[in-house]
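Asker: Next comes the structure file upload-v1.pdb, holding PDB, C-alpha atoms.
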ATOM      1  CA  MET A  26       0.000   0.000   0.000
ATOM      2  CA  ALA A  27       2.745   2.478   0.961
ATOM      3  CA  ASP A  28       4.691   1.488  -2.164
ATOM      4  CA  ASP A  29       1.622   2.220  -4.320
ATOM      5  CA  ARG A  30       1.184   5.694  -2.789
ATOM      6  CA  HIS A  31       4.871   6.408  -3.262
ATOM      7  CA  GLN A  32       4.702   5.315  -6.911
ATOM      8  CA  GLN A  33       1.626   7.490  -7.497
ATOM      9  CA  ARG A  34       3.316  10.573  -5.924
ATOM     10  CA  GLN A  35       6.431  10.011  -7.991
ATOM     11  CA  GLN A  36       4.351   9.594 -11.154
ATOM     12  CA  ARG A  37       2.558  12.930 -10.487
ATOM     13  CA  LEU A  38       5.925  14.585  -9.856
ATOM     14  CA  LYS A  39       7.318  13.099 -13.081
ATOM     15  CA  GLU A  40       4.354  14.447 -15.045
ATOM     16  CA  GLN A  41       4.859  17.934 -13.589
ATOM     17  CA  VAL A  42       8.585  17.925 -14.369
ATOM     18  CA  ASP A  43       7.997  16.557 -17.868
ATOM     19  CA  ALA A  44       5.398  19.295 -18.534
ATOM     20  CA  ARG A  45       7.834  22.029 -17.452
ATOM     21  CA  ILE A  46      10.584  20.570 -19.642
ATOM     22  CA  ALA A  47       8.222  20.412 -22.627
ATOM     23  CA  ALA A  48       7.157  24.055 -22.061
ATOM     24  CA  ALA A  49      10.770  25.328 -22.151
ATOM     25  CA  THR A  50      11.194  25.765 -25.910
ATOM     26  CA  GLU A  51      13.309  28.930 -26.198
ATOM     27  CA  VAL A  52      17.016  28.431 -26.928
ATOM     28  CA  ARG A  53      19.339  31.354 -26.117
ATOM     29  CA  GLY A  54      22.082  32.390 -23.759
ATOM     30  CA  ILE A  55      21.041  33.400 -20.272
ATOM     31  CA  LEU A  56      22.118  36.091 -17.845
ATOM     32  CA  MET A  57      22.783  34.737 -14.368
ATOM     33  CA  VAL A  58      23.471  36.741 -11.224
ATOM     34  CA  PHE A  59      25.066  35.247  -8.114
ATOM     35  CA  THR A  60      24.686  37.848  -5.373
ATOM     36  CA  GLY A  61      24.090  38.153  -1.635
ATOM     37  CA  ASN A  62      26.256  38.381   1.446
ATOM     38  CA  GLY A  63      27.096  34.678   1.656
ATOM     39  CA  LYS A  64      30.197  32.871   0.464
ATOM     40  CA  GLY A  65      30.160  30.989  -2.822
ATOM     41  CA  LYS A  66      29.305  33.465  -5.582
ATOM     42  CA  THR A  67      32.630  33.230  -7.424
ATOM     43  CA  THR A  68      32.839  29.516  -6.655
ATOM     44  CA  ALA A  69      29.437  28.946  -8.268
ATOM     45  CA  ALA A  70      30.424  30.997 -11.315
ATOM     46  CA  PHE A  71      33.630  29.065 -11.859
ATOM     47  CA  GLY A  72      31.870  25.772 -11.220
ATOM     48  CA  THR A  73      29.669  26.703 -14.175
ATOM     49  CA  ALA A  74      32.767  27.646 -16.196
ATOM     50  CA  LEU A  75      34.260  24.243 -15.391
ATOM     51  CA  ARG A  76      31.048  22.546 -16.540
ATOM     52  CA  ALA A  77      30.896  24.605 -19.760
ATOM     53  CA  THR A  78      34.560  23.973 -20.538
ATOM     54  CA  GLY A  79      34.080  20.268 -19.906
ATOM     55  CA  HIS A  80      31.334  20.282 -22.533
ATOM     56  CA  GLY A  81      33.631  21.957 -25.058
ATOM     57  CA  LYS A  82      32.110  25.413 -24.650
ATOM     58  CA  SER A  83      34.284  28.497 -25.073
ATOM     59  CA  THR A  84      34.576  30.476 -21.832
ATOM     60  CA  ALA A  85      36.274  33.695 -20.702
ATOM     61  CA  ALA A  86      36.443  35.523 -17.384
ATOM     62  CA  ILE A  87      36.989  39.029 -16.093
ATOM     63  CA  GLN A  88      37.870  39.416 -12.434
ATOM     64  CA  PHE A  89      37.260  42.846 -10.992
ATOM     65  CA  ILE A  90      38.753  43.674  -7.560
ATOM     66  CA  LYS A  91      40.992  40.582  -7.449
ATOM     67  CA  GLY A  92      44.716  40.968  -6.956
ATOM     68  CA  GLU A  93      47.833  39.136  -8.094
ATOM     69  CA  TRP A  94      47.612  36.320  -5.532
ATOM     70  CA  PRO A  95      47.440  32.692  -6.690
ATOM     71  CA  ASN A  96      44.067  31.768  -8.176
ATOM     72  CA  GLY A  97      43.080  28.095  -8.311
ATOM     73  CA  GLU A  98      40.289  28.630 -10.828
ATOM     74  CA  ARG A  99      42.584  30.480 -13.213
ATOM     75  CA  ASN A 100      45.376  27.930 -12.704
ATOM     76  CA  LEU A 101      43.096  25.123 -13.886
ATOM     77  CA  LEU A 102      40.845  26.778 -16.454
ATOM     78  CA  ALA A 103      43.633  28.657 -18.254
ATOM     79  CA  GLN A 104      45.166  25.260 -19.061
ATOM     80  CA  HIS A 105      41.964  24.550 -20.996
ATOM     81  CA  GLY A 106      41.959  27.742 -23.044
ATOM     82  CA  VAL A 107      39.859  29.948 -20.774
ATOM     83  CA  GLU A 108      40.981  33.570 -21.105
ATOM     84  CA  PHE A 109      41.287  35.498 -17.846
ATOM     85  CA  GLN A 110      41.623  39.243 -17.510
ATOM     86  CA  VAL A 111      42.173  40.438 -13.947
ATOM     87  CA  MET A 112      41.921  43.980 -12.628
ATOM     88  CA  ALA A 113      44.906  43.015 -10.449
ATOM     89  CA  THR A 114      44.781  46.018  -8.137
ATOM     90  CA  GLY A 115      43.499  44.060  -5.163
ATOM     91  CA  PHE A 116      40.648  45.110  -2.930
ATOM     92  CA  THR A 117      39.588  48.750  -3.095
ATOM     93  CA  TRP A 118      39.745  48.983   0.708
ATOM     94  CA  ASP A 119      43.451  48.107   0.440
ATOM     95  CA  THR A 120      44.326  50.429  -2.445
ATOM     96  CA  GLN A 121      42.233  53.345  -1.162
ATOM     97  CA  ASN A 122      42.891  55.228  -4.398
ATOM     98  CA  ARG A 123      39.735  55.912  -6.383
ATOM     99  CA  GLU A 124      41.569  57.332  -9.386
ATOM    100  CA  THR A 125      43.851  54.334  -9.964
ATOM    101  CA  ASP A 126      41.073  51.851  -9.132
ATOM    102  CA  THR A 127      38.759  53.528 -11.651
ATOM    103  CA  ALA A 128      41.464  53.475 -14.323
ATOM    104  CA  ALA A 129      42.182  49.788 -13.653
ATOM    105  CA  CYS A 130      38.458  48.993 -13.753
ATOM    106  CA  LEU A 131      37.940  50.798 -17.050
ATOM    107  CA  ALA A 132      40.989  49.098 -18.569
ATOM    108  CA  VAL A 133      39.767  45.601 -17.733
ATOM    109  CA  TRP A 134      36.229  46.613 -18.788
ATOM    110  CA  GLN A 135      37.584  47.052 -22.328
ATOM    111  CA  HIS A 136      38.409  43.325 -22.310
ATOM    112  CA  ALA A 137      34.938  42.561 -20.954
ATOM    113  CA  LYS A 138      33.294  44.519 -23.779
ATOM    114  CA  ARG A 139      35.417  42.642 -26.315
ATOM    115  CA  MET A 140      34.387  39.319 -24.753
ATOM    116  CA  LEU A 141      30.714  40.294 -24.640
ATOM    117  CA  ALA A 142      30.839  41.041 -28.368
ATOM    118  CA  ASP A 143      32.716  37.838 -29.283
ATOM    119  CA  GLU A 144      30.542  35.384 -31.250
ATOM    120  CA  GLN A 145      32.984  32.588 -30.395
ATOM    121  CA  LEU A 146      32.387  32.812 -26.627
ATOM    122  CA  ASP A 147      29.610  30.737 -25.107
ATOM    123  CA  LEU A 148      30.081  31.933 -21.510
ATOM    124  CA  VAL A 149      31.520  35.132 -20.027
ATOM    125  CA  ILE A 150      32.020  35.595 -16.294
ATOM    126  CA  LEU A 151      32.022  39.121 -14.877
ATOM    127  CA  ASP A 152      33.307  38.320 -11.391
ATOM    128  CA  GLU A 153      32.739  41.036  -8.754
ATOM    129  CA  ILE A 154      31.412  43.536 -11.308
ATOM    130  CA  THR A 155      28.567  44.515  -8.965
ATOM    131  CA  TYR A 156      31.017  46.479  -6.820
ATOM    132  CA  MET A 157      32.335  48.380  -9.813
ATOM    133  CA  VAL A 158      28.800  49.496 -10.648
ATOM    134  CA  SER A 159      27.677  50.271  -7.084
ATOM    135  CA  MET A 160      30.863  52.243  -6.337
ATOM    136  CA  ASP A 161      30.525  54.222  -9.603
ATOM    137  CA  TYR A 162      33.779  52.991 -11.135
ATOM    138  CA  LEU A 163      31.819  51.671 -14.098
ATOM    139  CA  PRO A 164      28.677  53.246 -15.640
ATOM    140  CA  LEU A 165      25.618  51.021 -15.224
ATOM    141  CA  GLU A 166      24.254  52.083 -18.613
ATOM    142  CA  GLU A 167      27.413  50.878 -20.360
ATOM    143  CA  VAL A 168      27.185  47.481 -18.648
ATOM    144  CA  ILE A 169      23.515  47.120 -19.577
ATOM    145  CA  ALA A 170      24.201  48.075 -23.209
ATOM    146  CA  ALA A 171      27.029  45.534 -23.535
ATOM    147  CA  LEU A 172      24.836  42.807 -22.032
ATOM    148  CA  GLN A 173      21.914  43.643 -24.322
ATOM    149  CA  GLN A 174      24.106  43.684 -27.438
ATOM    150  CA  ARG A 175      25.932  40.415 -26.773
ATOM    151  CA  PRO A 176      25.496  37.451 -29.169
ATOM    152  CA  ALA A 177      22.146  35.722 -28.629
ATOM    153  CA  HIS A 178      23.711  32.360 -27.733
ATOM    154  CA  GLN A 179      26.154  33.796 -25.158
ATOM    155  CA  SER A 180      25.504  33.260 -21.458
ATOM    156  CA  VAL A 181      26.894  35.637 -18.839
ATOM    157  CA  ILE A 182      27.413  35.278 -15.104
ATOM    158  CA  ILE A 183      27.607  38.367 -12.891
ATOM    159  CA  THR A 184      28.865  37.973  -9.334
ATOM    160  CA  GLY A 185      29.120  40.215  -6.293
ATOM    161  CA  ARG A 186      27.177  41.649  -3.405
ATOM    162  CA  GLY A 187      24.587  44.375  -3.775
ATOM    163  CA  CYS A 188      23.733  43.778  -7.419
ATOM    164  CA  HIS A 189      21.970  46.769  -8.964
ATOM    165  CA  ARG A 190      18.210  46.371  -9.328
ATOM    166  CA  SER A 191      18.374  46.944 -13.095
ATOM    167  CA  LEU A 192      20.760  44.000 -13.520
ATOM    168  CA  LEU A 193      18.591  41.809 -11.298
ATOM    169  CA  GLU A 194      15.556  42.656 -13.428
ATOM    170  CA  MET A 195      17.468  41.885 -16.655
ATOM    171  CA  ALA A 196      18.701  38.535 -15.377
ATOM    172  CA  ASP A 197      17.120  35.232 -16.305
ATOM    173  CA  THR A 198      18.413  33.482 -13.183
ATOM    174  CA  VAL A 199      19.243  35.137  -9.865
ATOM    175  CA  THR A 200      20.693  33.251  -6.925
ATOM    176  CA  GLU A 201      21.214  34.974  -3.607
ATOM    177  CA  MET A 202      23.844  33.475  -1.322
ATOM    178  CA  ARG A 203      22.804  33.872   2.308
ATOM    179  CA  PRO A 204      25.333  33.596   5.120
ATOM    180  CA  VAL A 205      24.336  31.096   7.780
ATOM    181  CA  LYS A 206      27.754  30.416   9.283
ATOM    182  CA  HIS A 207      31.324  31.127   8.144
ATOM    183  CA  ALA A 208      34.581  29.719   9.487
ATOM    184  CA  PHE A 209      36.281  33.132   9.209
ATOM    185  CA  ASP A 210      33.831  34.534  11.792
ATOM    186  CA  ALA A 211      35.146  31.913  14.224
ATOM    187  CA  GLY A 212      38.719  33.081  13.621
ATOM    188  CA  ILE A 213      39.711  30.377  11.131
ATOM    189  CA  GLN A 214      42.051  31.668   8.432
ATOM    190  CA  ALA A 215      41.040  31.618   4.773
ATOM    191  CA  GLN A 216      42.668  28.620   3.096
ATOM    192  CA  GLN A 217      44.231  28.250  -0.334
ATOM    193  CA  GLY A 218      42.238  25.753  -2.382
ATOM    194  CA  ILE A 219      39.139  26.193  -0.223
ATOM    195  CA  ASP A 220      38.490  29.933   0.101
ATOM    196  CA  TRP A 221      40.678  31.190  -2.768
TER     197      TRP A 221
END
The structure in this file should be written as structure tokens.

Answerer:
Amino acid sequence: MADDRHQQRQQRLKEQVDARIAAATEVRGILMVFTGNGKGKTTAAFGTALRATGHGKSTAAIQFIKGEWPNGERNLLAQHGVEFQVMATGFTWDTQNRETDTAACLAVWQHAKRMLADEQLDLVILDEITYMVSMDYLPLEEVIAALQQRPAHQSVIITGRGCHRSLLEMADTVTEMRPVKHAFDAGIQAQQGIDW
């Protein structure tokens, strides 16, 4: 009796899932946003890049804010042809120089615009770009225009806290990372290969 009820529930679930799959007929690139105050936004983006690369998709990444320290994602993905462009100034709270940070942001943004216009790229990651927009290093309108004009098949991932409402509204998929508990708050040092 219990097995019959279980089979009936699973059959109803299967029918619902099958109906949703059948209704999804549009084929195009998507805009994803990984935002929120929790850990894992960049990790999720590069997990997707790993998946895309594993399927033979062409991927490129821009890293805003990041510095020159070792980068596990770049170490691995660059070996598989993934182009990385890194702002390489480090965190803005370390540099404390708006003029040089803005110049570095705009320089790496030129690479992002090139990538977003590249028909050969299936996936572009704009890691930590939300900060560049919210801190007025990068004009929101220019970001929106580049996203709207990208090739129809190209998917894009935006990461960072405090994503602008306009980008959230444009996005096809938005995931908000919520902090529940973090080892750093307990005084545990960030670890190479785990945190960066």

Asker: Around all listed atoms of range 37-43 of chain A, padded 4 Å per side, what centre and edge lengths does the axis-aligned box have in Å to one decimal, as JSON?

Answerer:
{"center_x": 5.6, "center_y": 15.4, "center_z": -13.9, "size_x": 14.0, "size_y": 13.0, "size_z": 16.0}

Asker: By how many Å are CA of Leu151 in chain A and CA of Thr50 in chain A apart?

Answerer: 27.1 Å

Asker: What is the distance, in Å and to one decimal place, between CA of Ile150 in chain A and CA of Ser180 in chain A?

Answerer: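 If I compute the distance from CA of Ile150 in chain A to CA of Ser180 in chain A, I get 8.6 Å.
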
Asker: Go through A:His189, A:Glu153, A:Gln217, A:Gln135 one by one, measure the shortest atom-to-atom distance of each to Ala171 in chain A using all atoms listed in the file, and give the residue with the smallest value.

Answerer: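 The shortest atom-to-atom distance to Ala171 in chain A comes from A:Gln135.
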
Asker: CA of Pro164 in chain A and CA of Leu131 in chain A are how many Å apart?

Answerer: 9.7 Å

Asker: Excluding Lys64 in chain A and any residue of its chain fewer than 6 positions from it, enumerate the residues within 10 Å of it, using all atoms listed in the file, and give them as a list of chain:residue names.

Answerer: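 Residues near the query, excluding close chain neighbours: A:Met202, A:Arg203, A:Pro204, A:Val205, A:Lys206, A:His207, A:Asp220.
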
Asker: Name the residues in contact with range 182-187 of chain A at a cut-off of 9 Å, using all atoms listed in the file, excluding same-chain residues fewer than 2 positions from it; report them as a PyMOL selection string.

Answerer: chain A and resi 55-63+66-67+70+73+148-156+159+180+189-190+192+201

Asker: Kindly export the residues of the current selection with C-alpha atoms, as a CSV table (one decimal), in the coordinates of the input.

Answerer:
chain,number,residue,atom,x,y,z
A,55,ILE,CA,21.0,33.4,-20.3
A,56,LEU,CA,22.1,36.1,-17.8
A,57,MET,CA,22.8,34.7,-14.4
A,58,VAL,CA,23.5,36.7,-11.2
A,59,PHE,CA,25.1,35.2,-8.1
A,60,THR,CA,24.7,37.8,-5.4
A,61,GLY,CA,24.1,38.2,-1.6
A,62,ASN,CA,26.3,38.4,1.4
A,63,GLY,CA,27.1,34.7,1.7
A,66,LYS,CA,29.3,33.5,-5.6
A,67,THR,CA,32.6,33.2,-7.4
A,70,ALA,CA,30.4,31.0,-11.3
A,73,THR,CA,29.7,26.7,-14.2
A,148,LEU,CA,30.1,31.9,-21.5
A,149,VAL,CA,31.5,35.1,-20.0
A,150,ILE,CA,32.0,35.6,-16.3
A,151,LEU,CA,32.0,39.1,-14.9
A,152,ASP,CA,33.3,38.3,-11.4
A,153,GLU,CA,32.7,41.0,-8.8
A,154,ILE,CA,31.4,43.5,-11.3
A,155,THR,CA,28.6,44.5,-9.0
A,156,TYR,CA,31.0,46.5,-6.8
A,159,SER,CA,27.7,50.3,-7.1
A,180,SER,CA,25.5,33.3,-21.5
A,189,HIS,CA,22.0,46.8,-9.0
A,190,ARG,CA,18.2,46.4,-9.3
A,192,LEU,CA,20.8,44.0,-13.5
A,201,GLU,CA,21.2,35.0,-3.6

Asker: Let me make sure I understand: among A:Ala74, A:Ile213, A:Ala47, A:Ile219, which one has the smallest atom-to-atom distance to Leu101 in chain A if we use all atoms listed in the file?

Answerer: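 With all atoms listed in the file as the atom set, the closest residue is A:Ala74.
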
Asker: Between A:Leu38, A:Val158, A:Leu163, A:Ala44, which is the closest to Ser191 in chain A once you count all atoms listed in the file?

Answerer: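 Answer, going by the shortest atom-to-atom distance: A:Val158.
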
Asker: Take the PyMOL selection byres ((chain A and resi 82) around 12), apply it to the structure above, and return the hits as number ranges by chain.

Answerer: A: 73-81, 83-85, 105-107, 145-149, 178-180

Asker: Give the answer as one residue: which of A:Met112, A:Leu141, A:Gln36, A:Thr200 has the shortest atom-to-atom distance to Asp126 in chain A, using only C-alpha atoms?

Answerer: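 With only C-alpha atoms as the atom set, the closest residue is A:Met112.
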
Asker: May I have the protein, DNA and RNA residues with any atom at most 10 Å from the point (29.6, 47.5, -21.1), counting all atoms listed in the file, written as a list in words?

Answerer: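 Residues with an atom close enough to that point: Leu131, Trp134, Gln135, His136, Ala137, Lys138, Arg139, Leu141, Ala142, Leu163, Pro164, Leu165, Glu166, Glu167, Val168, Ile169, Ala170, Ala171, Leu172, Gln173, Gln174 and Arg175 of chain A.
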
Asker: Assuming the input is short of atoms at range 68-81 of chain A, produce N, CA, C and O atoms for that part as a compact mmCIF listing (two decimals), in the frame of the given file.

Answerer:
# COMPACT_ATOMS: atom_id res chain seq x y z
N THR A 68 32.72 30.97 -6.56
CA THR A 68 32.84 29.52 -6.66
C THR A 68 31.76 28.94 -7.56
O THR A 68 32.04 28.09 -8.41
N ALA A 69 30.53 29.41 -7.41
CA ALA A 69 29.44 28.95 -8.27
C ALA A 69 29.68 29.33 -9.73
O ALA A 69 29.45 28.53 -10.64
N ALA A 70 30.16 30.56 -9.95
CA ALA A 70 30.42 31.00 -11.32
C ALA A 70 31.48 30.13 -11.97
O ALA A 70 31.33 29.70 -13.12
N PHE A 71 32.56 29.85 -11.25
CA PHE A 71 33.63 29.06 -11.86
C PHE A 71 33.30 27.58 -11.90
O PHE A 71 33.82 26.85 -12.74
N GLY A 72 32.39 27.12 -11.06
CA GLY A 72 31.87 25.77 -11.22
C GLY A 72 31.13 25.65 -12.54
O GLY A 72 31.24 24.65 -13.26
N THR A 73 30.37 26.68 -12.89
CA THR A 73 29.67 26.70 -14.18
C THR A 73 30.66 26.77 -15.32
O THR A 73 30.49 26.11 -16.35
N ALA A 74 31.73 27.57 -15.16
CA ALA A 74 32.77 27.65 -16.20
C ALA A 74 33.43 26.29 -16.39
O ALA A 74 33.71 25.89 -17.53
N LEU A 75 33.68 25.58 -15.31
CA LEU A 75 34.26 24.24 -15.39
C LEU A 75 33.33 23.31 -16.16
O LEU A 75 33.76 22.57 -17.06
N ARG A 76 32.05 23.37 -15.84
CA ARG A 76 31.05 22.55 -16.54
C ARG A 76 31.02 22.88 -18.03
O ARG A 76 31.06 22.00 -18.89
N ALA A 77 30.96 24.19 -18.36
CA ALA A 77 30.90 24.60 -19.76
C ALA A 77 32.14 24.16 -20.51
O ALA A 77 32.06 23.63 -21.63
N THR A 78 33.30 24.36 -19.91
CA THR A 78 34.56 23.97 -20.54
C THR A 78 34.61 22.46 -20.75
O THR A 78 35.05 21.99 -21.80
N GLY A 79 34.12 21.72 -19.79
CA GLY A 79 34.08 20.27 -19.91
C GLY A 79 33.19 19.79 -21.04
O GLY A 79 33.40 18.70 -21.60
N HIS A 80 32.22 20.60 -21.40
CA HIS A 80 31.33 20.28 -22.53
C HIS A 80 31.83 20.88 -23.85
O HIS A 80 31.08 20.90 -24.84
N GLY A 81 33.06 21.41 -23.83
CA GLY A 81 33.63 21.96 -25.06
C GLY A 81 33.18 23.36 -25.39
O GLY A 81 33.39 23.85 -26.50
